[in-house]
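Data block for model_29.pdb (PDB, C-alpha atoms):
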ATOM      1  CA  MET T   1     -17.302  -3.779  16.336
ATOM      2  CA  SER T   2     -14.876  -5.384  13.904
ATOM      3  CA  TYR T   3     -12.677  -8.348  14.733
ATOM      4  CA  LEU T   4     -10.488 -10.876  12.974
ATOM      5  CA  ARG T   5     -12.410 -14.032  12.090
ATOM      6  CA  ALA T   6     -10.684 -17.265  13.096
ATOM      7  CA  GLY T   7     -11.156 -18.516   9.543
ATOM      8  CA  ASP T   8      -8.975 -15.677   8.211
ATOM      9  CA  ILE T   9      -5.946 -16.714  10.245
ATOM     10  CA  ILE T  10      -3.455 -18.419   7.924
ATOM     11  CA  SER T  11      -2.873 -22.128   8.436
ATOM     12  CA  GLY T  12       0.818 -23.000   8.558
ATOM     13  CA  GLN T  13       0.215 -26.041   6.361
ATOM     14  CA  GLU T  14      -1.371 -24.066   3.529
ATOM     15  CA  GLY T  15       1.169 -22.865   1.014
ATOM     16  CA  LYS T  16       4.337 -24.017  -0.626
ATOM     17  CA  ALA T  17       8.019 -23.341  -1.019
ATOM     18  CA  THR T  18      10.168 -23.742  -4.112
ATOM     19  CA  ALA T  19      13.868 -23.298  -4.765
ATOM     20  CA  VAL T  20      15.555 -22.458  -8.053
ATOM     21  CA  ILE T  21      19.016 -24.010  -7.982
ATOM     22  CA  ASP T  22      21.268 -23.894 -11.044
ATOM     23  CA  GLY T  23      18.204 -23.101 -13.165
ATOM     24  CA  ALA T  24      16.141 -26.083 -11.988
ATOM     25  CA  VAL T  25      12.948 -25.606  -9.938
ATOM     26  CA  HIS T  26      12.687 -27.839  -6.859
ATOM     27  CA  ASP T  27       9.432 -28.216  -4.920
ATOM     28  CA  MET T  28      10.514 -28.110  -1.287
ATOM     29  CA  ILE T  29       7.943 -30.691  -0.166
ATOM     30  CA  TYR T  30      10.302 -31.848   2.592
ATOM     31  CA  VAL T  31      10.025 -28.544   4.510
ATOM     32  CA  LYS T  32       8.403 -28.811   7.944
ATOM     33  CA  ASN T  33       8.849 -25.094   8.630
ATOM     34  CA  ILE T  34      10.741 -22.211   7.098
ATOM     35  CA  GLU T  35      11.316 -18.629   8.247
ATOM     36  CA  ALA T  36      13.174 -15.672   6.762
ATOM     37  CA  THR T  37      14.094 -12.566   8.762
ATOM     38  CA  LEU T  38      15.363  -9.137   7.766
ATOM     39  CA  GLU T  39      17.511  -7.483  10.423
ATOM     40  CA  LYS T  40      18.277  -3.784  10.129
ATOM     41  CA  ASN T  41      21.815  -2.656  10.910
ATOM     42  CA  LYS T  42      21.655   0.500  12.993
ATOM     43  CA  THR T  43      24.279   3.059  13.934
ATOM     44  CA  GLU T  44      24.112   5.195  17.058
ATOM     45  CA  VAL T  45      24.008   8.929  16.327
ATOM     46  CA  ARG T  46      24.623  11.770  18.805
ATOM     47  CA  THR T  47      23.640  15.302  17.812
ATOM     48  CA  LEU T  48      23.771  18.750  19.339
ATOM     49  CA  GLY T  49      20.539  19.753  21.036
ATOM     50  CA  LYS T  50      19.486  16.168  21.854
ATOM     51  CA  ARG T  51      20.749  14.491  24.998
ATOM     52  CA  GLY T  52      19.685  11.015  23.963
ATOM     53  CA  THR T  53      21.236   8.728  21.423
ATOM     54  CA  GLN T  54      19.348   8.303  18.176
ATOM     55  CA  GLN T  55      19.443   5.372  15.798
ATOM     56  CA  LYS T  56      20.084   5.575  12.044
ATOM     57  CA  THR T  57      19.459   2.569   9.835
ATOM     58  CA  ALA T  58      22.610   1.868   7.849
ATOM     59  CA  GLY T  59      21.771  -1.311   5.958
ATOM     60  CA  TRP T  60      20.299  -4.725   6.589
ATOM     61  CA  SER T  61      21.041  -8.440   6.477
ATOM     62  CA  GLY T  62      18.809 -11.380   5.726
ATOM     63  CA  SER T  63      18.865 -14.779   7.371
ATOM     64  CA  GLY T  64      16.603 -17.757   7.480
ATOM     65  CA  SER T  65      16.110 -21.196   8.883
ATOM     66  CA  MET T  66      14.171 -24.269   7.954
ATOM     67  CA  ASN T  67      13.523 -27.585   9.570
ATOM     68  CA  ILE T  68      13.200 -30.311   6.965
ATOM     69  CA  TYR T  69      12.559 -34.018   6.868
ATOM     70  CA  TYR T  70      15.815 -35.910   6.322
ATOM     71  CA  VAL T  71      14.802 -37.062   2.833
ATOM     72  CA  THR T  72      16.850 -34.923   0.440
ATOM     73  CA  SER T  73      20.550 -34.937  -0.436
ATOM     74  CA  LEU T  74      20.270 -31.601  -2.233
ATOM     75  CA  PHE T  75      22.091 -29.520   0.385
ATOM     76  CA  ARG T  76      24.743 -32.199   0.929
ATOM     77  CA  LYS T  77      25.426 -32.151  -2.834
ATOM     78  CA  MET T  78      25.878 -28.366  -2.651
ATOM     79  CA  ALA T  79      28.373 -28.806   0.185
ATOM     80  CA  LEU T  80      30.243 -31.527  -1.707
ATOM     81  CA  ARG T  81      30.490 -29.321  -4.805
ATOM     82  CA  TYR T  82      32.003 -26.556  -2.693
ATOM     83  CA  VAL T  83      34.461 -28.876  -0.908
ATOM     84  CA  LYS T  84      35.612 -30.702  -4.035
ATOM     85  CA  ASP T  85      35.427 -27.958  -6.687
ATOM     86  CA  GLY T  86      35.372 -24.674  -4.739
ATOM     87  CA  VAL T  87      32.007 -23.728  -6.294
ATOM     88  CA  ASP T  88      29.544 -22.284  -3.793
ATOM     89  CA  THR T  89      25.857 -22.466  -4.670
ATOM     90  CA  TYR T  90      23.542 -19.468  -4.480
ATOM     91  CA  PHE T  91      19.852 -19.979  -5.144
ATOM     92  CA  THR T  92      16.379 -18.461  -4.904
ATOM     93  CA  ILE T  93      13.591 -19.534  -2.515
ATOM     94  CA  THR T  94       9.952 -18.556  -3.030
ATOM     95  CA  ILE T  95       7.525 -18.975  -0.124
ATOM     96  CA  ILE T  96       3.777 -18.741  -0.754
ATOM     97  CA  ASN T  97       1.194 -18.475   2.028
ATOM     98  CA  GLU T  98      -2.235 -19.212   0.612
ATOM     99  CA  ASP T  99      -5.016 -20.573   2.803
ATOM    100  CA  PRO T 100      -8.184 -21.209   0.752
ATOM    101  CA  GLY T 101     -10.276 -20.858   3.926
ATOM    102  CA  SER T 102      -9.104 -17.286   4.517
ATOM    103  CA  SER T 103     -10.480 -14.179   2.825
ATOM    104  CA  ILE T 104      -7.162 -12.270   3.011
ATOM    105  CA  GLY T 105      -5.639 -13.863  -0.091
ATOM    106  CA  ARG T 106      -2.065 -14.882  -0.627
ATOM    107  CA  GLN T 107       1.400 -13.585   0.142
ATOM    108  CA  THR T 108       4.414 -14.486  -1.986
ATOM    109  CA  ILE T 109       7.958 -13.668  -0.875
ATOM    110  CA  THR T 110      11.014 -14.481  -2.983
ATOM    111  CA  LEU T 111      14.456 -14.568  -1.363
ATOM    112  CA  TYR T 112      17.457 -14.048  -3.654
ATOM    113  CA  ASN T 113      21.073 -15.186  -3.407
ATOM    114  CA  CYS T 114      20.337 -17.696  -0.663
ATOM    115  CA  ASN T 115      23.379 -19.522   0.654
ATOM    116  CA  ILE T 116      23.497 -22.364   3.173
ATOM    117  CA  ASP T 117      25.448 -21.692   6.400
ATOM    118  CA  SER T 118      26.040 -25.284   7.473
ATOM    119  CA  VAL T 119      25.088 -28.746   6.268
ATOM    120  CA  LEU T 120      24.305 -31.888   8.232
ATOM    121  CA  LEU T 121      26.238 -34.583   6.385
ATOM    122  CA  ALA T 122      24.876 -37.752   8.008
ATOM    123  CA  LYS T 123      22.459 -38.710  10.763
ATOM    124  CA  LEU T 124      21.206 -41.720  12.698
ATOM    125  CA  ASP T 125      18.980 -41.541  15.782
ATOM    126  CA  VAL T 126      17.593 -44.584  17.601
ATOM    127  CA  GLU T 127      15.346 -42.388  19.779
ATOM    128  CA  ASN T 128      13.390 -40.860  16.899
ATOM    129  CA  GLU T 129      11.489 -42.784  14.279
ATOM    130  CA  ILE T 130      11.408 -39.792  11.932
ATOM    131  CA  LEU T 131      14.639 -38.005  11.030
ATOM    132  CA  ASP T 132      14.774 -34.282  10.395
ATOM    133  CA  GLU T 133      17.456 -31.617  10.127
ATOM    134  CA  ASP T 134      17.871 -27.871  10.605
ATOM    135  CA  VAL T 135      19.222 -25.757   7.751
ATOM    136  CA  GLU T 136      20.341 -22.151   8.319
ATOM    137  CA  PHE T 137      20.849 -19.790   5.388
ATOM    138  CA  THR T 138      21.428 -16.180   4.423
ATOM    139  CA  PHE T 139      20.012 -14.069   1.587
ATOM    140  CA  ASP T 140      20.786 -10.576   0.299
ATOM    141  CA  ASP T 141      17.644  -9.435  -1.533
ATOM    142  CA  PHE T 142      13.922 -10.137  -1.610
ATOM    143  CA  ASP T 143      10.696  -9.225  -3.356
ATOM    144  CA  MET T 144       7.027  -9.401  -2.369
ATOM    145  CA  MET T 145       5.036 -10.436  -5.430
ATOM    146  CA  ASP T 146       1.701 -10.803  -3.611
ATOM    147  CA  SER T 147       0.605  -9.315  -0.302
ATOM    148  CA  PHE T 148      -2.252 -10.171   2.011
ATOM    149  CA  GLY T 149      -5.408  -8.110   1.620
ATOM    150  CA  ASN T 150      -7.878  -7.011   4.265
ATOM    151  CA  PRO T 151     -10.238  -9.610   5.701
ATOM    152  CA  SER T 152     -13.821  -9.534   4.539
ATOM    153  CA  TRP T 153     -16.293  -8.787   7.275
TER     154      TRP T 153
END
When written as structure tokens, how does the structure in this file appear?
Amino acid sequence: MSYLRAGDIISGQEGKATAVIDGAVHDMIYVKNIEATLEKNKTEVRTLGKRGTQQKTAGWSGSGSMNIYYVTSLFRKMALRYVKDGVDTYFTITIINEDPGSSIGRQTITLYNCNIDSVLLAKLDVENEILDEDVEFTFDDFDMMDSFGNPSW
């Protein structure tokens, strides 16, 4: 009987994220967690000979979120550039999952044309010793450069 070994489950701490913004590569070491989701846009379709409603995929949209330590002004600078100069910033994020303890290898996903939805401008909090912030974003394309393999038995 085959089963998934506990050692092949990917640790959430193993990997890295980078962003390419205006041609400069930024290691996103401040990320606590990051997720990107593709949502398919579907249209209802009714046809002769079928009483039920079918679904036809008619596009998709990409969105993501990250929770980061409150230690970078990068996103606030993007917001300031937009407010003062009218220049919105689009960038690329690459997320690599690679747990050296797992036999399934690595997965690399690159998200293109990322754009921040909202920006926390300032924060103080006497109840929490460590400050963090949530950042929501959208993207409109992606690639998978590496994909997980099968576990070794």
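Between Thr89 in chain T and the candidates T:Ser147, T:Ser11, T:Thr138, T:Asn113, the tightest atom-to-atom separation, counting all atoms listed in the file, involves T:Asn113.
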Any chance you could resolve the PyMOL selection byres ((chain T and resi 3) around 12) against this file and give the residues as an mmCIF file with C-alpha atoms, keeping the file's coordinate frame?
data_model
loop_
_atom_site.group_PDB
_atom_site.id
_atom_site.type_symbol
_atom_site.label_atom_id
_atom_site.label_comp_id
_atom_site.auth_asym_id
_atom_site.auth_seq_id
_atom_site.Cartn_x
_atom_site.Cartn_y
_atom_site.Cartn_z
ATOM 1 C CA MET T 1 -17.302 -3.779 16.336
ATOM 2 C CA SER T 2 -14.876 -5.384 13.904
ATOM 3 C CA LEU T 4 -10.488 -10.876 12.974
ATOM 4 C CA ARG T 5 -12.410 -14.032 12.090
ATOM 5 C CA ALA T 6 -10.684 -17.265 13.096
ATOM 6 C CA GLY T 7 -11.156 -18.516 9.543
ATOM 7 C CA ASP T 8 -8.975 -15.677 8.211
ATOM 8 C CA ILE T 9 -5.946 -16.714 10.245
ATOM 9 C CA ASN T 150 -7.878 -7.011 4.265
ATOM 10 C CA PRO T 151 -10.238 -9.610 5.701
ATOM 11 C CA SER T 152 -13.821 -9.534 4.539
ATOM 12 C CA TRP T 153 -16.293 -8.787 7.275
#
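Atom to atom, CA of Tyr30 in chain T and CA of Lys77 in chain T stand 16.1 Å apart.
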Dump as a Markdown table the rows for residues of range 49-120 of chain T within 12 Å of range 39-42 of chain T: closest atom pair and distance in Å with one decimal, only C-alpha atoms counted, ordered by chain and rising residue number.
| residue | atom | partner | partner_atom | distance |
| --- | --- | --- | --- | --- |
| T:Thr53 | CA | T:Lys42 | CA | 11.8 |
| T:Gln54 | CA | T:Lys42 | CA | 9.6 |
| T:Gln55 | CA | T:Lys42 | CA | 6.0 |
| T:Lys56 | CA | T:Lys42 | CA | 5.4 |
| T:Thr57 | CA | T:Lys42 | CA | 4.4 |
| T:Ala58 | CA | T:Lys42 | CA | 5.4 |
| T:Gly59 | CA | T:Asn41 | CA | 5.1 |
| T:Trp60 | CA | T:Lys40 | CA | 4.2 |
| T:Ser61 | CA | T:Glu39 | CA | 5.4 |
| T:Gly62 | CA | T:Glu39 | CA | 6.2 |
| T:Ser63 | CA | T:Glu39 | CA | 8.0 |
| T:Gly64 | CA | T:Glu39 | CA | 10.7 |
- Do you know which residues the PyMOL selection byres ((chain T and resi 71) around 12) returns on this file, as a list of chain:residue names? T:Met28, T:Ile29, T:Tyr30, T:Val31, T:Lys32, T:Asn67, T:Ile68, T:Tyr69, T:Tyr70, T:Thr72, T:Ser73, T:Leu74, T:Phe75, T:Arg76, T:Ala122, T:Lys123, T:Ile130, T:Leu131, T:Asp132, T:Glu133
Could you turn the residues from that selection into a file that holds C-alpha atoms, as a PDB file, in the frame of the given file?
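Just written: result37.pdb:
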ATOM      1  CA  MET T  28      10.514 -28.110  -1.287  1.00  0.00           C
ATOM      2  CA  ILE T  29       7.943 -30.691  -0.166  1.00  0.00           C
ATOM      3  CA  TYR T  30      10.302 -31.848   2.592  1.00  0.00           C
ATOM      4  CA  VAL T  31      10.025 -28.544   4.510  1.00  0.00           C
ATOM      5  CA  LYS T  32       8.403 -28.811   7.944  1.00  0.00           C
ATOM      6  CA  ASN T  67      13.523 -27.585   9.570  1.00  0.00           C
ATOM      7  CA  ILE T  68      13.200 -30.311   6.965  1.00  0.00           C
ATOM      8  CA  TYR T  69      12.559 -34.018   6.868  1.00  0.00           C
ATOM      9  CA  TYR T  70      15.815 -35.910   6.322  1.00  0.00           C
ATOM     10  CA  THR T  72      16.850 -34.923   0.440  1.00  0.00           C
ATOM     11  CA  SER T  73      20.550 -34.937  -0.436  1.00  0.00           C
ATOM     12  CA  LEU T  74      20.270 -31.601  -2.233  1.00  0.00           C
ATOM     13  CA  PHE T  75      22.091 -29.520   0.385  1.00  0.00           C
ATOM     14  CA  ARG T  76      24.743 -32.199   0.929  1.00  0.00           C
ATOM     15  CA  ALA T 122      24.876 -37.752   8.008  1.00  0.00           C
ATOM     16  CA  LYS T 123      22.459 -38.710  10.763  1.00  0.00           C
ATOM     17  CA  ILE T 130      11.408 -39.792  11.932  1.00  0.00           C
ATOM     18  CA  LEU T 131      14.639 -38.005  11.030  1.00  0.00           C
ATOM     19  CA  ASP T 132      14.774 -34.282  10.395  1.00  0.00           C
ATOM     20  CA  GLU T 133      17.456 -31.617  10.127  1.00  0.00           C
TER      21      GLU T 133
END
- Task: Take the PyMOL selection byres ((chain T and resi 117) around 7), apply it to the structure above, and return the hits as a list of chain:residue names.
- Result: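 When the PyMOL selection byres ((chain T and resi 117) around 7) is applied, the selected residues are T:Asn115, T:Ile116, T:Ser118, T:Glu136, T:Phe137.
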Would you save the residues from that selection as a PDB file, keeping the file's coordinate frame, using C-alpha atoms?
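Resulting contents of part28.pdb:
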ATOM      1  CA  ASN T 115      23.379 -19.522   0.654  1.00  0.00           C
ATOM      2  CA  ILE T 116      23.497 -22.364   3.173  1.00  0.00           C
ATOM      3  CA  SER T 118      26.040 -25.284   7.473  1.00  0.00           C
ATOM      4  CA  GLU T 136      20.341 -22.151   8.319  1.00  0.00           C
ATOM      5  CA  PHE T 137      20.849 -19.790   5.388  1.00  0.00           C
TER       6      PHE T 137
END
- Message: Report, in Å to a single decimal, how far apart CA of Asp140 in chain T and CA of Leu111 in chain T are.
- Response: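 Separation between CA of Leu111 in chain T and CA of Asp140 in chain T: 7.7 Å.
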- Nearest to Phe142 in chain T among T:Thr18, T:Thr37, T:Gln13, T:Thr47, with distances taken over all atoms listed in the file: which residue is it? T:Thr37
- Record the distance separating CA of Val135 in chain T and CA of Val87 in chain T, expressed in Å with one decimal. 19.1 Å
- Neighbour residues at most 7 Å from (5.4, -19.8, 9.7) (only C-alpha atoms) as an MDAnalysis selection string: chainID T and resid 12 33:35
- Message: If we draw a sphere of 9 Å around (-9.6, -21.1, 2.6), which residues have at least one atom in it when counting only C-alpha atoms? Please report them as a PyMOL selection string.
- Response: chain T and resi 7-8+10-11+14+98-103+105
- Task: Would you mind listing what lies within 6 Å of Phe148 in chain T as a PyMOL selection string, with all atoms listed in the file counted and same-chain residues fewer than 2 positions away left out?
- Result: chain T and resi 104-107
Put the listed atoms of range 22-38 of chain T in a box along x, y and z with 8 Å added on every side and give me the centre and edge lengths in Å to one decimal, as JSON.
{"center_x": 14.6, "center_y": -20.5, "center_z": -2.2, "size_x": 29.3, "size_y": 38.7, "size_z": 37.9}
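Shortest separation to Val20 in chain T among T:Cys114, T:Ile96, T:Glu44, T:Lys50 occurs at residue T:Cys114, atoms counted being only C-alpha atoms.
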- Nearest candidate to Lys16 in chain T (options T:Leu38, T:Met145, T:Ile93, T:Leu120; using only C-alpha atoms): T:Ile93
- Task: Excluding Asp143 in chain T and residues on its chain fewer than 5 positions from it, collect all residues at most 9 Å away from it, counting only C-alpha atoms, and give them as a list in words.
- Result: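 So the residues in contact are Thr108, Ile109, Thr110, Leu111 and Tyr112 of chain T.
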